[in-house]
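For reference, the structure is listed below as structure tokens.
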Amino acid sequence: MKKSGNFIDNLPKIYGIYTGGFLVFILLMAVLEQMGVSADTIGILFVGFTVFIYAAIGWLSRTMQVDAYYVAGRQVPPVFNGMATAADWMSGASFVAMAGGIYMGGHAYLAFVVGWTGGYVLVASLMAPYLRKFGCYTVPDFIGTRYGGNLARFCAVLVLVLASFTYVTAQINATGTIASRALHIPFEVGVWFGLLGILLCSMLGGMRAVTWTQVAQYIVLIIAYLVPVIWMSNKQGFGLFPQLAYGDAVMRLGELEALHQVGELKPAETFAGLRALTVKHAEAAGDPFAAWKFATLTLCMMAGTASLPHILMRYFTTPSVKAARQSVAWSLLFIFLLYFTAPALATFTKLQVLDPNLATGIIGKSIAEVNALEWIKNWSEVGFLKVVDSNGDGLLQINEFFMRGDIVVLATPEIAGLPYVISGLVAAGGMAAAMSTADGLLLAIANALSHDLYYKIIDPKAETKTRLIVARVLLIVIGAGAAAVASLKLTSILGAVAWAFDFACSGLFFPLVLGVWWKRANRQGAIAGMLAGLISGTLYLYAVRFGGMEPWLGIDHLRFGIIGMPVSLVAMVVVSLMTPAPSDEIQKMVDDTRVPKGDTILSSSH
């Protein structure tokens, strides 16, 4: 994985061979299953083999060059940067939790899909090409150079660390969920196993190692996501293109929900943190804020996407501004493949559980029969599922089946009665999704702290070797802290990810956008915007989530960016206009940033 043109030129061949090898491995696991090898062994082999491959890529990509460590030498071609960005983006939330959210909460959860995908329109039009033209290493690097002064840079580091740390705990939560099931270990141990794999990928080679690992991880996760849903769709008679056929499946699901009295039964909604499938969509429940909630969640996810440092960093690695634009288009295509499939997967999995005409349907069957099912036993053992005969009639009602939404995708192959090799494949895919995002996030935090806090503020004379050692030590410390927080299970995977996006858009969205598009924006305004947005959003989150305050106009803890963003904008504009304009030099730099051609603003040695 040396920094040579030869390696870059051979990327299609290298990853073609890798993909072929992975498909051969899947076939080998299928043969072993037929030969009687246990399901547990196959699950361990899948997770272990893929983590080993990622670690090997990380080792081969090791570097002590600053340019390679921070921005992969700025030589990643658009297609492969698109794949790496998609892997970076499609986290444990996208892979593991999003379909589960749609499964549990219906179409209201599509706001995540619309917001996360739409966010890339903002990235392409407002951010990526201009940040690449600027030539920075990190997002706080842009803020610190554009606005000037260590305080602005420090504020950007603060927002980045808070948003990225919140996000990375969700990824380690996902790795813990997968590891606990695949390896039959407690969740609290699984998070540390996941962290070990994450650090092996990112610690030695920085952005270069993470980039080539993420391309490999994307290939694994997209195969793992598509195979079960295509298999289920075909098995249920809907054909080989589930994304186009699931409308009929949704109609069938509506009939089954009426049959099972979904939305009419009124039991307690949770059991030991698990949810029952008793609530219909927000509109059906008569929620007057349903449309407003959808729109505000979508807006927070869009603005959060355009503010997340680990995503914006990916566009610093391309050879040119034009390549950065092309990268965004490729990113959208690769992300679309999974997002277009998620609602179909949720629908077909729900049919497997609810449809009495399918062999896998469990509602209406005897409690004893259901408890004897292998997948029920497996997921109950690790605390993610529970069957309770609350009315004592011995038959399973819809309000007596409790499950954590985070396991829907992982449990789908078992629920559908597919060969266990598919479960192993999905576990490997989920691990790839969570690890790839965690790699990017940990790197974003460590790079910001080592480059922007340590090198730019604390010790500007630090040698290259010292800077990179500091970055690696920080990776370990931050990763350990995130694993410790994840083991506490403070919120669901999807909830933690929503908070991360809200933190990012509350503090960084307008300082970044106005930094490119408004020459009059100055240091004082940027500092006011970052602090006012972050503080107001965080206080609202605390009040609504932990302080017992009733949400304003349906703006709950998943949407607190709707509070933080306007406060940030008003504070930034008012303070900028009340204080002196930036220097002519800064204003010219902003003009040059918006020109798509020409030399990078900052030199590579900055």
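By order of appearance in the structure tokens: chains A, B, ..., then residues from 1 within every chain, and ligands from 1 in the order shown.
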Residues of region 42-154 of chain A that have any atom at most 8 Å from an atom of region 502-513 of chain A: could you tabulate them with the shortest-distance atom pair and the distance in Å to one decimal, using only C-alpha atoms, ordered by chain and increasing number, as a tab-separated table?
```
residue	atom	partner	partner_atom	distance
A:Leu126	CA	A:Val513	CA	6.6
A:Met127	CA	A:Val513	CA	7.0
A:Ile143	CA	A:Leu512	CA	7.2
```
Output N, CA and C atoms for every residue in that selection, as an mmCIF file, in the first residue's frame.
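Contents of selection_35.cif, freshly written:
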```cif
data_model
loop_
_atom_site.group_PDB
_atom_site.id
_atom_site.type_symbol
_atom_site.label_atom_id
_atom_site.label_comp_id
_atom_site.auth_asym_id
_atom_site.auth_seq_id
_atom_site.Cartn_x
_atom_site.Cartn_y
_atom_site.Cartn_z
ATOM 1 N N LEU A 126 -22.409 23.307 -1.274
ATOM 2 C CA LEU A 126 -21.963 24.353 -0.356
ATOM 3 C C LEU A 126 -20.573 24.138 0.225
ATOM 4 N N MET A 127 -20.133 22.874 0.316
ATOM 5 C CA MET A 127 -18.955 22.601 1.149
ATOM 6 C C MET A 127 -17.767 21.952 0.444
ATOM 7 N N ILE A 143 -11.656 26.431 9.916
ATOM 8 C CA ILE A 143 -12.223 27.481 10.781
ATOM 9 C C ILE A 143 -11.112 28.391 11.316
#
```
Considering only C-alpha atoms, return as a PyMOL selection string whatever protein or nucleic-acid residues lie within 8 Å of region 65-71 of chain A, sequence-local ones (same chain, fewer than 5 positions apart) excluded.
-> chain A and resi 137+205-208+313-314+316-317+447+464+468+604
Distance query Met98 (chain A) at most 12 Å, only C-alpha atoms, self and fewer than 4 positions along chain excluded, as a CSV table (one decimal) with N, CA and C atoms, in the first residue's frame:
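The new file around_32.csv reads:
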```csv
chain,number,residue,atom,x,y,z
A,90,MET,N,-22.1,5.0,6.0
A,90,MET,CA,-23.1,4.0,6.3
A,90,MET,C,-22.7,3.3,7.6
A,91,SER,N,-23.0,3.9,8.7
A,91,SER,CA,-22.5,3.5,10.0
A,91,SER,C,-23.4,2.3,10.5
A,92,GLY,N,-23.1,2.0,11.8
A,92,GLY,CA,-24.0,1.0,12.4
A,92,GLY,C,-25.4,1.5,12.4
A,93,ALA,N,-25.6,2.9,12.4
A,93,ALA,CA,-27.0,3.4,12.4
A,93,ALA,C,-27.6,3.0,11.1
A,94,SER,N,-26.9,3.3,10.0
A,94,SER,CA,-27.5,3.0,8.6
A,94,SER,C,-27.7,1.5,8.4
A,102,ILE,N,-37.4,1.9,11.0
A,102,ILE,CA,-38.6,1.8,10.1
A,102,ILE,C,-39.5,0.6,10.5
A,103,TYR,N,-38.9,-0.5,10.9
A,103,TYR,CA,-39.6,-1.7,11.3
A,103,TYR,C,-40.5,-1.3,12.5
A,104,MET,N,-40.0,-0.6,13.5
A,104,MET,CA,-40.7,-0.3,14.7
A,104,MET,C,-41.6,0.9,14.6
A,105,GLY,N,-41.2,1.9,13.8
A,105,GLY,CA,-41.9,3.2,13.8
A,105,GLY,C,-42.6,3.6,12.5
A,106,GLY,N,-42.4,2.8,11.5
A,106,GLY,CA,-43.0,3.1,10.2
A,106,GLY,C,-42.4,4.2,9.5
A,107,HIS,N,-43.1,4.8,8.6
A,107,HIS,CA,-42.5,5.7,7.6
A,107,HIS,C,-42.0,7.0,8.2
A,108,ALA,N,-42.3,7.3,9.5
A,108,ALA,CA,-41.8,8.5,10.1
A,108,ALA,C,-40.3,8.5,10.2
A,109,TYR,N,-39.7,7.2,10.2
A,109,TYR,CA,-38.3,7.1,10.3
A,109,TYR,C,-37.6,7.3,9.0
A,110,LEU,N,-38.4,7.4,7.9
A,110,LEU,CA,-37.8,7.7,6.6
A,110,LEU,C,-37.2,9.1,6.6
A,111,ALA,N,-37.5,9.9,7.6
A,111,ALA,CA,-36.9,11.2,7.7
A,111,ALA,C,-35.4,11.1,7.8
A,112,PHE,N,-34.9,10.0,8.4
A,112,PHE,CA,-33.4,9.8,8.5
A,112,PHE,C,-32.9,9.5,7.1
A,113,VAL,N,-33.6,8.7,6.3
A,113,VAL,CA,-33.1,8.4,4.9
A,113,VAL,C,-33.1,9.7,4.1
A,114,VAL,N,-34.2,10.4,4.1
A,114,VAL,CA,-34.3,11.6,3.3
A,114,VAL,C,-33.3,12.6,3.7
A,116,TRP,N,-30.4,12.2,5.5
A,116,TRP,CA,-29.0,11.8,5.3
A,116,TRP,C,-28.6,11.9,3.8
A,174,ALA,N,-22.8,-0.6,18.2
A,174,ALA,CA,-23.2,-1.5,17.1
A,174,ALA,C,-22.2,-2.7,17.1
A,338,LEU,N,-27.9,1.2,-0.6
A,338,LEU,CA,-28.3,0.7,0.7
A,338,LEU,C,-29.6,1.4,1.2
A,339,TYR,N,-29.7,2.7,1.0
A,339,TYR,CA,-30.8,3.5,1.6
A,339,TYR,C,-32.1,3.1,0.8
A,340,PHE,N,-32.0,2.8,-0.5
A,340,PHE,CA,-33.1,2.5,-1.3
A,340,PHE,C,-33.7,1.1,-0.9
A,341,THR,N,-32.8,0.3,-0.2
A,341,THR,CA,-33.1,-1.0,0.1
A,341,THR,C,-33.7,-1.1,1.6
A,342,ALA,N,-33.3,-0.2,2.5
A,342,ALA,CA,-33.6,-0.3,3.9
A,342,ALA,C,-35.2,-0.4,4.1
A,343,PRO,N,-36.0,0.4,3.5
A,343,PRO,CA,-37.5,0.2,3.8
A,343,PRO,C,-38.0,-1.1,3.3
A,344,ALA,N,-37.4,-1.7,2.2
A,344,ALA,CA,-37.9,-3.0,1.7
A,344,ALA,C,-37.5,-4.1,2.7
A,345,LEU,N,-36.2,-3.9,3.3
A,345,LEU,CA,-35.8,-4.9,4.3
A,345,LEU,C,-36.7,-4.9,5.5
A,346,ALA,N,-37.0,-3.7,6.0
A,346,ALA,CA,-37.9,-3.6,7.2
A,346,ALA,C,-39.2,-4.3,6.9
A,405,GLY,N,-35.1,-2.6,18.5
A,405,GLY,CA,-35.1,-2.3,17.0
A,405,GLY,C,-33.7,-2.5,16.4
A,406,ASP,N,-32.6,-2.3,17.2
A,406,ASP,CA,-31.3,-2.4,16.7
A,406,ASP,C,-30.9,-3.8,16.1
A,407,ILE,N,-31.7,-4.8,16.5
A,407,ILE,CA,-31.3,-6.2,16.1
A,407,ILE,C,-32.0,-6.6,14.8
A,408,VAL,N,-33.0,-5.8,14.3
A,408,VAL,CA,-33.8,-6.3,13.2
A,408,VAL,C,-33.0,-6.8,12.0
A,409,VAL,N,-32.0,-6.0,11.6
A,409,VAL,CA,-31.2,-6.4,10.4
A,409,VAL,C,-30.4,-7.6,10.7
A,410,LEU,N,-29.8,-7.6,11.9
A,410,LEU,CA,-28.9,-8.7,12.3
A,410,LEU,C,-29.7,-10.0,12.4
A,430,GLY,N,-22.4,-5.8,9.1
A,430,GLY,CA,-22.7,-4.8,10.2
A,430,GLY,C,-21.5,-4.4,10.9
A,492,SER,N,-30.3,4.5,22.3
A,492,SER,CA,-30.2,3.6,21.2
A,492,SER,C,-29.2,4.0,20.2
A,493,ILE,N,-28.8,3.1,19.3
A,493,ILE,CA,-27.8,3.5,18.3
A,493,ILE,C,-28.3,4.7,17.5
A,494,LEU,N,-29.6,4.6,17.0
A,494,LEU,CA,-30.1,5.7,16.2
A,494,LEU,C,-30.3,7.0,17.0
A,495,GLY,N,-30.6,6.9,18.2
A,495,GLY,CA,-30.7,8.1,19.1
A,495,GLY,C,-29.4,8.8,19.2
A,497,VAL,N,-26.8,8.7,17.2
A,497,VAL,CA,-26.4,9.2,15.9
A,497,VAL,C,-27.2,10.5,15.7
A,498,ALA,N,-28.5,10.6,16.0
A,498,ALA,CA,-29.2,11.8,15.8
A,498,ALA,C,-28.7,12.9,16.7
```
As a ChimeraX atom specification, list the residues of region 118-218 of chain A assigned to alpha helix (DSSP H) by DSSP on the backbone atoms of this structure.
-> /A:118-122,128-134,139-147,150-182,187-202,206-218
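Note that CA of Leu151 (chain A) and CA of Ala72 (chain A) are 27.8 Å apart.
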Identify, on the basis of only C-alpha atoms, every residue whose closest approach to Ala156 (chain A) does not exceed 9 Å; exclude the query and any residue fewer than 2 positions from it along the same chain; express the result as a VMD selection string.
-> chain A and resid 139 to 141 143 to 144 151 to 154 158 to 161 507 to 508 527 530
Give me the residues within 8 Å of Arg325 (chain A) as a PDB file with C-alpha atoms, in the first residue's frame, counting only C-alpha atoms and dropping any in the same chain fewer than 6 places off.
```pdb
ATOM      1  CA  ALA A 124     -21.784  18.984  -2.978  1.00  0.00           C
ATOM      2  CA  ALA A 128     -16.812  19.841  -0.373  1.00  0.00           C
ATOM      3  CA  PRO A 129     -15.249  21.526  -3.453  1.00  0.00           C
TER       4      PRO A 129
END
```
Hey, what's within 8 Å of region 579-590 of chain A if we count only C-alpha atoms and toss same-chain stuff fewer than 4 positions away? As a list in words, please?
-> Arg146, Tyr147, Gly515, Val516, Trp517, Lys519, Arg520, Ala521, Asn522, Arg523, Gln524, Val575, Arg594 and Ile601 of chain A
Excluding region 351-354 of chain A and any residue of its chain fewer than 3 positions from it, enumerate the residues within 12 Å of it, using only C-alpha atoms, and give them as JSON, numbers by chain.
-> {"A": [103, 229, 232, 233, 235, 236, 238, 246, 248, 249, 250, 251, 252, 253, 254, 255, 256, 257, 258, 259, 260, 261, 262, 277, 344, 345, 346, 347, 348, 357, 358, 359, 360, 361, 362, 363, 364, 365, 370, 375, 376, 396, 397, 398, 401, 403, 408, 411, 412, 413, 414, 415, 416, 417, 418]}
Separation of CA of Gln171 (chain A) from CA of Leu199 (chain A) in Å = 13.0 Å
Students should find that CA of Ala444 (chain A) and CA of Leu308 (chain A) are spaced 9.6 Å
